[in-house]
Structure formats: C-alpha cells, structure tokens
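As structure tokens, the structure follows; a few thoughts come after it.
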Amino acid sequence: MKTTIIKSLLIFFFSSLSPALCSQSAELFFKAAGSPANPKVQVSWNKYYTYQGITDLCRRLEKAYPDLVTMESAGKSYQGRDIIALTISCKKNMDPGLKPGFYIDGNIHSNEIQGTEMALYTAWYLCEMFGENQFINKLLKDKVFYILPTINPDAREYFMHEPNTASSPRSGLVPVDNDRDGLYDEDGYDDLNGDGMISQMRRKNPDGQYRADPKDPRRMVRVAPGEKGDYELLGLEGIDNDGDGLVNEDGPGGYDPNRDWGFNWQPAYVQSGAGKYPFTFPENQAVRDFGLKHRNIAASQSFHNSGGMILRGPSIQGGGAEVYSRADEEAINAIGKKGELIIPGYRFLTIWKDLYTVYGGEVDWWYGAMGSYVYSNELWTSYLMFYDTANTDQYEFDRLLLFEDAFIPWQEVDHPVYGKVEVGGFSKNFGRTHPGFLLESDAHRNAAFCIYNAWVTPELVVSDVKVKNLGSGLKEVTATVSNRQLLPTHSGTNLRYKIDPPDYCYIEGGTVIAGMIVIDADRNINAEQKRNPARIEIENIAGYQSIKLKWLVKGGNNFTVRVESVKGGRASARSE
Amino acid sequence: MKMNSRILIMALIVIPLLSGTPAAGQYNNYSRMTQIIKNLASEYSSVCSARSLVKTAGGKDIWLLSVGTGDRDNKPAIAIIGGVEGNHILGKELALGFASSLLKDYQTPEVRDLLNRLTFYIIPDVSPDATEQFFAGLKYERILNARPVDDDRDFSVSEDPFEDLNQDGYITLVRIRDPSGSYMESPEDKRIMVTADLAEGQAGSWLVISEGIDNDKDGRFNEDGEGGVCFNRNFSFNYEEFGPGAGLHAVSEPESKAVADFLFDRFNIYATFSFGPQDNLGQPMKASDRPAQGRMVTSITKSDETINKLVSDKYHEITGAKGAPAAPDSRGNFMEWAYYHYGRYSFSTPGWWYPVEKGKNNEAAFLRFAEKNKMNDVFVPWTAINHPDFPGKQAEVGGIKPFAMINPPADTLPDLISANYRFIKAIAELHPELEFLDLKTENPGEDVYRLTLKVHNKGIFATCAEVGNQNIWTRIMRITVEPSKGQTILSGQKVQRIPRLGGDQSEEFSWLISGKGNVTIRAGAINTGTITETINLR
C-alpha cells in the first residue's frame, strides 16, 4: 500500500518534471506580445543543445504537434548519427510537398553551433504560435518548412565534449591526412590543463613582446616598440605529437564541409578545405539527397557564425555557371535589406565581393544547381555586446555582464618541450557563439527573417475564370493566374537550365481545341501553344505578375482552371 | 550420382575457362571481358587479383585487376584505364590486352623485375553500360551510362530514342530532300552530307537527322534516348554544369566515384594511362595551352611538360604511330582530371586514327583511308525509306557505320595491343626511385657525430608530378632518423619533409648526434618507395 503511494507520488513528481506534458496553468502568467503564451513544449533558449538534446526536442515537438510536424532522418553522418529533418506545415489543408518550401540548416561548421538553436527556435516558434497567431496560421497553411537543425552532428558533439577553441573544429570528422605523411589525425590539440578547452599558451620571457594589460590583466597586449615585455605567446595548447617539427597540424577531420558542394567546385589547392570531389562527405550527400527529394524548396537559409552578416551569392566573381537575372537581383536585394531591418547589427553582403571567394559552397549549390533562393546568416556580432559598433571590448563585456564566466584564468602547467607555461584565455563558448541571455532574442530575429523569406515565396492565385459563348457549340474560356508574392516561381538559373518544369495551367470541363497565353488582350496578340493546349506551359510567373490565359473549348459548362508549380505551389478556380 | 554431379561441376568450371581465353583479334563484350579477367586472376594468382569496384546503374561491374608481386599497395604504381568514353571499344581492348600481355610475360626476367618494383592497376572498362551497345543488336555510338536522365530537359525521361528505320542493326543518318534543308552532298565524296556554304554560292537541298523519328514531337530527333551520364564528362576539372551527359554534378555516378575513390585511396599511384579521345601522346600538352585563372592550374606546368614531351616521343618511337590529329577540347574529361585534380602524371591516347587534312572533310578522309586499307564494311549506302515525320518526301537512310571511325577492324587489335604494351612497359622503367648518396660521418670531437647524406631520385620521372606538389591527395616524402638507445639528436629533426625531387635531383640532409651505435635512416613515401640505411657511429 505504502509502496503504491510512493510509486504514484514518484510518477506524479516525474511526470510533472517532464516538460513534454507540461503547460503552465493559466493563473501563473500574462502573455508577452509575439511569443507563445503557454508553450506545450517547454524549452530554455539560453543554452546550447547536444545531439541528444536536439533529438529530444524534435521528438517532443513531433509528439505535441502531430498535425504539423514530421520528424525523419535525411541520412547518416560519418559516425552513424541521423541527420534529423523536421517538416513543418499544416498537414490538413494540402500535402505539404505541394506547397512552396523554405529550407533551414544549421551547424555545417562544427564550432558554429548556434545555427542549430536558431533552426530549432524557428521550428518551435512556428508550432507553438500555430493556432495562436493569424499570420502563422496562414503561413503554415500556405508553406512548408524543412528544418535540419544540425547537418554536422558528429563534430558538434566533438566541439562540445572534447577540447577545442571557439574556432575549432570547422571540419566534420572524416579523417584526413592534412600533413600528407600517411598518418591520419595524429597531431591535434593537446589539452594541457585538462579543462576541456583549448586556450592560449604563454611563457615568462624577459625578452618577450607581450605583457598583461594594466586595465585588465587577463588580456595580453603587445608592447610598444622600445618598451619591455615579460611574456611570449606560444600559440594554442598543443605538442608536436608526430615529431615532425610542426604543432597541431593534423587534428581530427581537417576539411571544410562548406567547400564540398556540387557547384563551382574546385580542389583543395584552389579552394582550401575541399574534399576529393563534390559531396565527398556523407552529411552533405544526405542534404543533397534531401534537396533533390524536395524540389518545392523555393528559398533557403544556411546558418553560420559569426560577424553579423546576411550573405547572398554568388561566392565567386561572375558567379560561375549561375545566372543572376535582373529580376533575381531585385528580389534578393529587397529581402536582404529587409533582413538588415529585422536583425539590427547584421549587414547584407555579397560573398565574393564583401567577404571572400568560396568555391563549392552550399549557397552556390542551392541557387545554381537547385534554382532555390538562398541566404546564409553569420550569427552573432560583437555589436550585440553593448549595442555599439565602437565599443566591442570582450573583456569588459565578460566582466560587466558575464561576471568573468567566459574566461579561463591563466594557470601554470608543464609542457614537454617548452617547460613551465601558463594556459588561459576565453573559453570555447565565447567569442563566436551567443552568451545565453542574448541567444533567444537573436534566435527570434533570425527566425523572423526566415519567416519573412518563407512568406515572400510565390503565392499563386487563379481568378476571373470567364466563359464566353462563341456560337455553334464553341466557347472561349479565359482566366488569370497571378503571383501575389515577391519571389517568382523560377529563378534565373532555374529558367536557363530548366531545373524545374514550367508552371502548368490546366483547364478541365470541355474539349480543348486551342489554348494560348494572352500577350495583349486589347490588340488580340496571343502565344498559341500547339502541343497539348489543355495544359498551358508558363515558363515563369514573376513576383506580383498576372498572366491571362485563353482557351477555345467545345462542350462543357462549368470549367475549372488549375495551376501547378513546383516551387510556386497549387491554386485553382471554377468558372463563375 | 554423387560422382556425376562432381563431374558436371568440373565441366561447368572448365568450359567457361576454355571459352574465356582471350581470342586474338576480336572485340570482347562485357561477359567475355569478365570471363577473361576472372581467368587471368586465377591463372596468374601469384601476381594478379581481380575484384569489382562497384556496379553501374545498368548492373555491370567495374572490374579492377591488380598486378604485381608482394605488397602491391605499398609500391609505386601505375593505373591503366580503358572504356573512358563508351564508344571507344578499342580502349577497353588495349587496357585488357595490356594486362594479358604483362601476365603472359610475368616469368621473363624483365617483367618479373618490373613487377618487383611497380604495381599495375588495370581497370579495362569504366563505361560498361555504354560499350555494350557495340555488341548489341542495335548498334549506335553510345557514351551514356544507364542512369535515367532527361537529356533534353523536357521533364520526360528517355522518351525519344533512335529507331532503326531500315532494319540493318545500325543507327546511321536520314536525309530528306527538302529545299529548306541546309545540307548538300560533299564535293569530296558524294556519299557524305555537308552543310552548304553560302559564301561559295551553295544552297542546301537536304535535311539531315540521325536515324529515328521524333517520338515526343518536339521538332528534335532522338535527343533523349536511354541514359545517361558519360564517364568522360563527369570529372571535376573544367566540369560543365548542366552540360550534356555531364551528370548532376562532378563525380556523381557510381562508376566515376568508385574509380576516383580507388585512385585517391592509392597514394602509391604516380601515373595514369588512359585510352580515350584525349591525346597527349600524339600531341603533348603545352605549358602555354590555356591562360591561368587565379589559383587554378589550367595548363601543364613546365617540368611536367618536359616529361610529357619525352613520353610522347617514346610513344611515337615505340609504337610507330604518327600524324595524330589534335584531340578535341572536352570538358570534365578523365585524362585532364587525373593530371590537374588527381595530381598525377596522366597520359592518354585514342590508340588509333586515320589521317586528316586541314580544310578537308574528315568523313571523306576516313572513307578514302578505309578504301585504301580494304575496310570494306564501313558505309551504309543511302536507301529510300518512308519516314513518318516527313510524309510524301524523299527520305533515305545511310552513312558511315557507327564505331567505324574510332575503332579499327578487329584484326588489327593484336598489333595495337602489343605496341601499346611495349610502350607502357618502357615508360614504367622511368619511374622515380630513391637512393642515398654521399653518406658521410664525421667526428668533430668527443662522442659527437655529424651525419650527412643526399637523397637522390635516380629515376627520370619526378617523385611527384609538379602539378601534384600542392595537392593534398599526394604524399610528401619524409626522412626519419632513428637513433638507438643512448644516442641523442643534438641538431636536426627526427622527422623532416623531403621536397619534391625532379628526375636526377637530390637533396642534402645533416644531423649532429651524440653517442656511439647504430642510427637508422628512412627516406621516401609510398609513391616513391622507402629506402633504409643503418649507419654505425663509432
């Protein structure tokens, strides 16, 4: 009896702890504008999630919102983890695969972890606001989101659980022989003080060029010419494991997953970080296959860090085989500028011109090979510390706002070659990733940019289906097909290389004798389609464009006109 | 009963062995090639093994033969690739023929010695889906594998193939008499159709299309048949995005990926020979061929040019071949990939050609050559047919038979195989090879010894092609000093890089070591072989 009570108490205790089952009771809170009032899935947005944490959160979302969320694996990582893919859309009104899609991935670079949280926040926000916000309701009825929180799960885990800096590893974990000696990954960092971080090494040296900054002695500053220093810097924690005179030159992985994409690809002596050929690495193969299965992805976002940038292609001068049409330029720039407004501190830039040349980058692949619009946001900017572009002092920020939580105090250790050295510096969760308290607000802004970008994908409408009797059983049916959004159904590249079929416009209800696109109704100039006139092929429906169609039909009274577009979705209307 | 079934099994084993013996002077289809490869591997099992690298979309194996003695994957190696372009059946025979010839000679002192130093990896056919069309009931020059591809990007797949309108088993041409056509009979040879030249006052009176009908009624003929992707357009150097037969992206196909993976995994390979349309043996590559583009290497480097010229000279000398026409510039091809992106010496030849003249029609030149060489069966005479897409118009099927212009008559195969075999064998002898020179120990005082030596490449080929020196998929040679117990290196590194050594080049190294005893020095890399020397300091 007693044990039963204890058991049920325990069950009650644990189930109340289990966040999946927990919404707060209504007496306890007052809704803040723009945030879900009482989320079914409770998540803290001031921390970073491990692979297990990501999996758990995605499962809870799928369980709480089965009518919105499908969770699947896009493929396996090198070490065998599933690349989790969430499909988020209202499943009830239409097959999500027929709606214009928006794709998000995060964490392609292992150390750039917060792309994952931005992606997860977007997924969570969409689910929790559905039913609570009219705009989100319509958005998920009209569009579908494909969200891959991490496309590099192995090295995300490696970054979090193994000794690293804020900048390592960029790579995934497929072994590469970086120093070309026949041994793989044999000379990586060495965590001399055993704190799970790789930081700086300094050594007392009367001839050294560095000394502690009197304003903040944690910081090493270079002495002015003629002044005396007392320290030398010896680089990042490590030893020459393979005895070849070089330190830390062949660590785990050793490539750049974002130089591996099958467009404008070049080998490593041209583009450092490239693999053997496009899609050398299994994680990118999985994303490629996912993209090929979801041709409805009209626009996409790939989250990186850092620097506060909204990046657009092309990534090489001239764009390679990509075709940036004037219409594309206008649309891409309009959305990017809106992004600068949505995310203060972020600048809208072109990769090759404002950053550097990238061959084989994911951005060029989405636009060039897939015909999908794409941005890549470089998350976190030092501007966010004091909302100031002039004062970006990390030490002061750490002192005043993080209470020195981000710094590893200098500590003496024995180095097998250098003797007594001191190890210290910023920890790996600072400098490129958001401090906890700033994570949610930047996640919301970046999610809002994705939502805006998804909202401006094509919205097709069929209207004005009119029938005119021409006598002797012949009728003229006219209709208008419009795109009520900013992005066209086909990008410049898509049109040039015929990546997707044209938009097909069908008429049902009679026997079609002839069909045409009306070029100029007033002067009766038409483009007749001689083959298969019951399915008019429209090459492209540009942003805010209306296209008039005309058929000559025998028989029938009620007509339905329906448009099918891979990236523009579906619409139809009946004759009046 | 038991006895009988054993005999039956024996018979089953023996019969294919006999029928699979490579017959001189014949082109081998996929199943015969497979049998020959298996037979070679079993007959010469001490120096040869065979395995499949992958299966193609058409379900055919990409066969690999590894030939050499001992630890094959740890010796400098040459890769030989055939079937690079699927209509070039000769390439497959030259690669397969190389393997058979080498194995037949393996007990001669010359070949045994070569196989002790080098390994040969032979992949006779990398386009088996396509090459099989040569042996099929319906013959046409196919270069595409069996992956379903929407060649004409009309969103129907493989909907407009060829049709054999005159039922002769060959896909040739159709000419239709039509005043709107731009073709006329060639003044050089009336059998050949050429475009009329307005500048010469000529007007065309024929339409010319490939043999077949316009199945999808798009105004184009036979533009979307079976397949596919062309192996020789699917590589990453100068790759053409969205190019015809180029594939979804570079190295997208199971066979191109498997071949590339195999080659990348074998760091011991220092050179490749391929048989296909690319030709840097007939006409060597020139350092000034293409302007440089930023960090991209687009023309052969100076020192590699020297070796290419030498190898080309040897090709002419040993095979007796001459007058090779300039090879077409084509994108995404294997030969240039093997040089520019794989970073190895790369040589390629079509192996056979006919003489062409500048300003003259190639097809007419071919027909003259065929006549001279008694190749009687190369042309299908124009014969009238009814073409459903041109009702009421005079239509005729005819033209040069597929494959005839790039694949010689089968009876010439033994000579061509022998010549190319002798050539590759001779070039293999130029391989990089390391030796220590001027080994010197000095004793400046006490127990301190100065050890000095040179590492010399006594080969003609460099230790690594110059283009591969910056390529992460080639190895950098190391020199390692291993002192024995009680000895210390006072100056110099235990492990050092040896820079790339050209043919007959050397590099000096020196260490200060304290303590008596043996010091072991190792130098080299997997692609040059490693040399070892033990020196007693006393």
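Ligands are numbered from 1 in the order shown, chains are lettered A, B, ... in the order of the structure tokens, and residues start at 1 in each chain.
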
Enumerate as a ChimeraX atom specification the residues belonging to chain B that approach chain A to within 9 Å, with only C-alpha atoms taken into account.
/B:153-155,217-218,235-237,239-242,248-252,257,260-261,264,267,294-297,341-342,470-478,493-497,525-526

Since we have the selection now, will you write its residues out, keeping C-alpha atoms, as a PDB file, in the first residue's frame?
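Saved to again_38.pdb:
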```
ATOM      1  CA  ARG B 153      15.101  18.663 -70.113  1.00  0.00           C
ATOM      2  CA  ASP B 154      11.505  18.425 -71.176  1.00  0.00           C
ATOM      3  CA  PHE B 155      10.560  16.563 -67.974  1.00  0.00           C
ATOM      4  CA  LYS B 217       7.026  15.663 -81.303  1.00  0.00           C
ATOM      5  CA  ASP B 218       9.265  18.472 -80.114  1.00  0.00           C
ATOM      6  CA  PHE B 235      35.018  14.633 -63.738  1.00  0.00           C
ATOM      7  CA  SER B 236      35.670  17.806 -61.829  1.00  0.00           C
ATOM      8  CA  PHE B 237      38.337  19.518 -63.936  1.00  0.00           C
ATOM      9  CA  TYR B 239      33.400  20.402 -65.470  1.00  0.00           C
ATOM     10  CA  GLU B 240      30.406  21.729 -67.369  1.00  0.00           C
ATOM     11  CA  GLU B 241      27.473  22.363 -65.010  1.00  0.00           C
ATOM     12  CA  PHE B 242      24.291  21.185 -66.765  1.00  0.00           C
ATOM     13  CA  LEU B 248      24.045  16.017 -61.727  1.00  0.00           C
ATOM     14  CA  HIS B 249      27.420  17.243 -60.509  1.00  0.00           C
ATOM     15  CA  ALA B 250      31.036  16.213 -60.980  1.00  0.00           C
ATOM     16  CA  VAL B 251      31.742  12.600 -59.958  1.00  0.00           C
ATOM     17  CA  SER B 252      28.044  11.893 -59.464  1.00  0.00           C
ATOM     18  CA  LYS B 257      33.015   7.841 -57.811  1.00  0.00           C
ATOM     19  CA  ALA B 260      38.041   8.199 -58.182  1.00  0.00           C
ATOM     20  CA  ASP B 261      37.823   6.723 -54.672  1.00  0.00           C
ATOM     21  CA  PHE B 264      42.517   8.606 -54.239  1.00  0.00           C
ATOM     22  CA  PHE B 267      48.609   7.140 -52.728  1.00  0.00           C
ATOM     23  CA  GLY B 294      43.685  32.786 -60.431  1.00  0.00           C
ATOM     24  CA  ARG B 295      44.724  29.858 -58.279  1.00  0.00           C
ATOM     25  CA  MET B 296      43.532  27.319 -60.829  1.00  0.00           C
ATOM     26  CA  VAL B 297      46.162  25.437 -62.793  1.00  0.00           C
ATOM     27  CA  HIS B 341      42.865  17.352 -59.868  1.00  0.00           C
ATOM     28  CA  TYR B 342      44.330  13.955 -59.019  1.00  0.00           C
ATOM     29  CA  GLN B 470      50.361  21.290 -53.795  1.00  0.00           C
ATOM     30  CA  ASN B 471      47.667  18.622 -53.946  1.00  0.00           C
ATOM     31  CA  ILE B 472      46.618  17.200 -50.571  1.00  0.00           C
ATOM     32  CA  TRP B 473      45.895  13.855 -52.234  1.00  0.00           C
ATOM     33  CA  THR B 474      49.583  13.199 -52.861  1.00  0.00           C
ATOM     34  CA  ARG B 475      52.116  12.341 -50.166  1.00  0.00           C
ATOM     35  CA  ILE B 476      55.134  14.351 -49.143  1.00  0.00           C
ATOM     36  CA  MET B 477      58.305  12.330 -48.675  1.00  0.00           C
ATOM     37  CA  ARG B 478      59.748  12.183 -45.180  1.00  0.00           C
ATOM     38  CA  GLN B 493      64.866  16.941 -36.673  1.00  0.00           C
ATOM     39  CA  LYS B 494      63.844  13.381 -36.123  1.00  0.00           C
ATOM     40  CA  VAL B 495      61.286  13.692 -38.907  1.00  0.00           C
ATOM     41  CA  GLN B 496      61.679  16.084 -41.843  1.00  0.00           C
ATOM     42  CA  ARG B 497      59.986  16.683 -45.152  1.00  0.00           C
ATOM     43  CA  ALA B 525      56.926   7.997 -49.459  1.00  0.00           C
ATOM     44  CA  ILE B 526      54.503   5.364 -50.657  1.00  0.00           C
TER      45      ILE B 526
END
```

Would you list, as a tab-separated table (two decimals) with C-alpha atoms, in the first residue's frame, the residues of range 36-131 of chain A that end up in strand (DSSP E or B) under DSSP run on this structure's backbone?
```tsv
chain	number	residue	atom	x	y	z
A	69	VAL	CA	5.46	18.13	-37.58
A	70	THR	CA	7.08	15.16	-39.28
A	71	MET	CA	10.48	14.11	-37.99
A	72	GLU	CA	12.67	11.94	-40.20
A	73	SER	CA	16.28	11.14	-40.95
A	74	ALA	CA	17.81	12.73	-44.04
A	75	GLY	CA	20.69	10.25	-43.86
A	76	LYS	CA	23.58	9.25	-41.65
A	82	ASP	CA	20.86	10.51	-38.09
A	83	ILE	CA	20.71	13.92	-39.75
A	84	ILE	CA	17.38	14.98	-38.28
A	85	ALA	CA	14.95	16.70	-40.66
A	86	LEU	CA	11.73	18.32	-39.49
A	87	THR	CA	8.92	19.03	-41.93
A	88	ILE	CA	6.64	21.70	-40.50
A	101	GLY	CA	9.07	25.18	-49.26
A	102	PHE	CA	11.57	27.00	-47.10
A	103	TYR	CA	14.71	25.14	-46.05
A	104	ILE	CA	16.87	25.85	-42.99
A	105	ASP	CA	20.04	24.15	-41.85
A	106	GLY	CA	22.49	24.93	-39.11
```

For Ile406 in chain B, list every protein, DNA or RNA residue within 7 Å, evaluated using only C-alpha atoms, and leave out those in the same chain fewer than 3 positions away; present the list as a ChimeraX atom specification.
/B:88,353,403

Next, dump the selected residues to file, keeping only N, CA and C atoms, as a CSV table (one decimal), in the first residue's frame.
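selection37.csv, written as the output of this step:
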```csv
chain,number,residue,atom,x,y,z
B,88,HIS,N,34.4,4.1,-77.5
B,88,HIS,CA,35.8,3.8,-77.9
B,88,HIS,C,36.1,2.4,-77.3
B,353,TRP,N,43.9,6.1,-85.3
B,353,TRP,CA,43.3,7.2,-86.0
B,353,TRP,C,43.5,7.1,-87.5
B,403,PHE,N,30.8,3.5,-84.9
B,403,PHE,CA,32.0,3.0,-84.3
B,403,PHE,C,33.2,2.9,-85.3
```

Give me the residues near range 334-349 of chain A as a PyMOL selection string, where near means some atom within 12 Å (using only C-alpha atoms) and where sequence neighbours in that chain fewer than 6 positions away do not count.
chain A and resi 299+301+305-315+327-328+355-356+373-389+441-457+485-487

Could you write out, as an NGL selection string, all the residues of range 328-439 of chain A that DSSP marks as helix (DSSP H, G or I)?
:A and (328-342 or 351-355 or 362-369 or 383-386 or 394-400 or 436-439)

Grab the residues selected above and save them as a short mmCIF file (atom, residue, chain, number, x, y, z; two decimals), in the first residue's frame with N, CA and C atoms.
```cif
data_model
loop_
_atom_site.label_atom_id
_atom_site.label_comp_id
_atom_site.auth_asym_id
_atom_site.auth_seq_id
_atom_site.Cartn_x
_atom_site.Cartn_y
_atom_site.Cartn_z
N ASP A 328 16.05 38.63 -60.37
CA ASP A 328 16.60 37.99 -59.17
C ASP A 328 17.33 39.01 -58.30
N GLU A 329 18.13 39.84 -58.95
CA GLU A 329 18.88 40.85 -58.19
C GLU A 329 17.93 41.68 -57.34
N GLU A 330 16.85 42.12 -57.96
CA GLU A 330 15.91 42.99 -57.25
C GLU A 330 15.27 42.28 -56.08
N ALA A 331 14.85 41.04 -56.30
CA ALA A 331 14.18 40.28 -55.23
C ALA A 331 15.17 39.97 -54.11
N ILE A 332 16.37 39.51 -54.48
CA ILE A 332 17.37 39.12 -53.48
C ILE A 332 17.76 40.33 -52.64
N ASN A 333 17.93 41.46 -53.29
CA ASN A 333 18.33 42.66 -52.55
C ASN A 333 17.20 43.18 -51.67
N ALA A 334 15.98 43.09 -52.15
CA ALA A 334 14.85 43.57 -51.35
C ALA A 334 14.72 42.76 -50.05
N ILE A 335 14.85 41.45 -50.18
CA ILE A 335 14.72 40.59 -48.98
C ILE A 335 15.90 40.83 -48.04
N GLY A 336 17.10 40.93 -48.62
CA GLY A 336 18.29 41.15 -47.79
C GLY A 336 18.21 42.46 -47.00
N LYS A 337 17.72 43.50 -47.67
CA LYS A 337 17.59 44.80 -46.99
C LYS A 337 16.58 44.70 -45.85
N LYS A 338 15.50 43.96 -46.07
CA LYS A 338 14.51 43.75 -45.01
C LYS A 338 15.18 43.01 -43.84
N GLY A 339 16.09 42.13 -44.17
CA GLY A 339 16.82 41.40 -43.13
C GLY A 339 17.63 42.33 -42.24
N GLU A 340 18.26 43.34 -42.84
CA GLU A 340 19.04 44.31 -42.05
C GLU A 340 18.15 45.03 -41.04
N LEU A 341 16.89 45.22 -41.43
CA LEU A 341 15.94 45.88 -40.53
C LEU A 341 15.51 44.93 -39.40
N ILE A 342 15.29 43.67 -39.78
CA ILE A 342 14.79 42.69 -38.81
C ILE A 342 15.86 42.34 -37.77
N ILE A 351 28.91 37.48 -51.02
CA ILE A 351 30.02 36.66 -50.52
C ILE A 351 31.35 36.98 -51.21
N TRP A 352 31.40 36.88 -52.53
CA TRP A 352 32.72 37.02 -53.17
C TRP A 352 33.26 38.45 -53.04
N LYS A 353 32.33 39.41 -53.04
CA LYS A 353 32.75 40.80 -53.12
C LYS A 353 33.09 41.35 -51.74
N ASP A 354 32.26 41.03 -50.77
CA ASP A 354 32.40 41.65 -49.45
C ASP A 354 33.09 40.75 -48.44
N LEU A 355 33.15 39.46 -48.71
CA LEU A 355 33.75 38.53 -47.75
C LEU A 355 35.00 37.93 -48.37
N GLU A 362 27.78 25.89 -50.12
CA GLU A 362 26.39 25.44 -50.13
C GLU A 362 25.46 26.47 -50.78
N VAL A 363 25.77 27.75 -50.55
CA VAL A 363 24.92 28.82 -51.09
C VAL A 363 24.85 28.74 -52.62
N ASP A 364 26.01 28.55 -53.25
CA ASP A 364 26.01 28.47 -54.72
C ASP A 364 25.27 27.24 -55.21
N TRP A 365 25.33 26.18 -54.43
CA TRP A 365 24.64 24.95 -54.84
C TRP A 365 23.12 25.16 -54.81
N TRP A 366 22.61 25.75 -53.74
CA TRP A 366 21.16 25.97 -53.66
C TRP A 366 20.68 26.86 -54.80
N TYR A 367 21.41 27.92 -55.06
CA TYR A 367 20.95 28.82 -56.12
C TYR A 367 21.27 28.24 -57.49
N GLY A 368 22.52 27.81 -57.67
CA GLY A 368 22.98 27.40 -59.01
C GLY A 368 22.41 26.08 -59.45
N ALA A 369 22.53 25.06 -58.61
CA ALA A 369 22.14 23.72 -59.03
C ALA A 369 20.66 23.44 -58.77
N TYR A 383 28.70 43.71 -31.95
CA TYR A 383 27.79 44.84 -31.77
C TYR A 383 26.78 44.54 -30.66
N LEU A 384 26.37 43.28 -30.57
CA LEU A 384 25.31 42.93 -29.62
C LEU A 384 25.76 43.04 -28.16
N MET A 385 27.08 43.19 -27.92
CA MET A 385 27.55 43.27 -26.53
C MET A 385 27.07 44.55 -25.85
N PHE A 386 27.34 45.70 -26.52
CA PHE A 386 26.93 46.99 -25.93
C PHE A 386 26.03 47.79 -26.89
N GLN A 394 35.65 42.68 -25.48
CA GLN A 394 35.16 41.39 -24.96
C GLN A 394 35.47 41.22 -23.47
N TYR A 395 36.62 41.76 -23.05
CA TYR A 395 37.00 41.60 -21.64
C TYR A 395 36.04 42.38 -20.74
N GLU A 396 35.70 43.59 -21.18
CA GLU A 396 34.79 44.42 -20.39
C GLU A 396 33.39 43.80 -20.34
N PHE A 397 32.97 43.30 -21.50
CA PHE A 397 31.66 42.64 -21.57
C PHE A 397 31.62 41.43 -20.65
N ASP A 398 32.68 40.66 -20.70
CA ASP A 398 32.75 39.45 -19.87
C ASP A 398 32.72 39.84 -18.39
N ARG A 399 33.40 40.94 -18.06
CA ARG A 399 33.48 41.37 -16.67
C ARG A 399 32.12 41.90 -16.19
N LEU A 400 31.52 42.80 -16.99
CA LEU A 400 30.33 43.51 -16.53
C LEU A 400 29.04 42.71 -16.69
N GLY A 436 24.36 33.27 -23.23
CA GLY A 436 23.00 32.75 -23.03
C GLY A 436 21.91 33.80 -23.11
N PHE A 437 22.10 34.93 -22.43
CA PHE A 437 20.99 35.88 -22.32
C PHE A 437 20.67 36.57 -23.64
N LEU A 438 21.57 36.51 -24.60
CA LEU A 438 21.30 37.15 -25.90
C LEU A 438 20.83 36.15 -26.96
N LEU A 439 20.83 34.88 -26.56
CA LEU A 439 20.54 33.85 -27.57
C LEU A 439 19.08 33.91 -28.04
#
```

Which residue of B:Asp125, B:Asp224, B:Glu363, B:Asp105 approaches Arg191 in chain B most closely, using only C-alpha atoms:
B:Glu363

Spatial neighbours of Ala365 in chain B, 10 Å, only C-alpha atoms, chain gap at least 2 places, as an MDAnalysis selection string
chainID B and resid 188:189 354:357 360:363 367:371

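CA of Trp551 in chain A lies 7.4 Å from CA of Ile513 in chain A.
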
Selected residue, from B:Leu207, B:Ile81, B:Val378, B:Ala327, that lies nearest to Arg175 in chain B when counting only C-alpha atoms:
B:Leu207

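Between CA of Asp185 in chain A and CA of Gly253 in chain A the interatomic distance comes to 6.8 Å.
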
Range 417-430 of chain B surroundings by only C-alpha atoms, 8 Å radius, close-in-sequence under 6 positions cut, as a ChimeraX atom specification:
/B:78,93-94,97-98,101-102,114,311,314-315,318-319,351,459-461

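Considering the residues A:Arg203, A:Arg59, A:Lys420, A:His161 and counting only C-alpha atoms, Leu120 in chain A has its shortest atom-to-atom contact with A:Arg59.
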
With distances taken over only C-alpha atoms, which residue among A:Thr478, A:Asn532, A:Asn137, A:Ser77 lies nearest Tyr125 in chain A?
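Of the candidates, the smallest distance to Tyr125 in chain A is held by A:Asn137.
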
Tell me which protein, DNA and RNA residues are within 12 Å of Pro499 in chain B, counting only C-alpha atoms, leaving out same-chain ones fewer than 4 positions away, and put them as a PyMOL selection string.
chain B and resi 455-457+462-464+466+469-470+475-479+505-509+523-525

For CA of Ile498 in chain B and CA of Val417 in chain A, quote the distance in Å rounded to one decimal.
24.2 Å
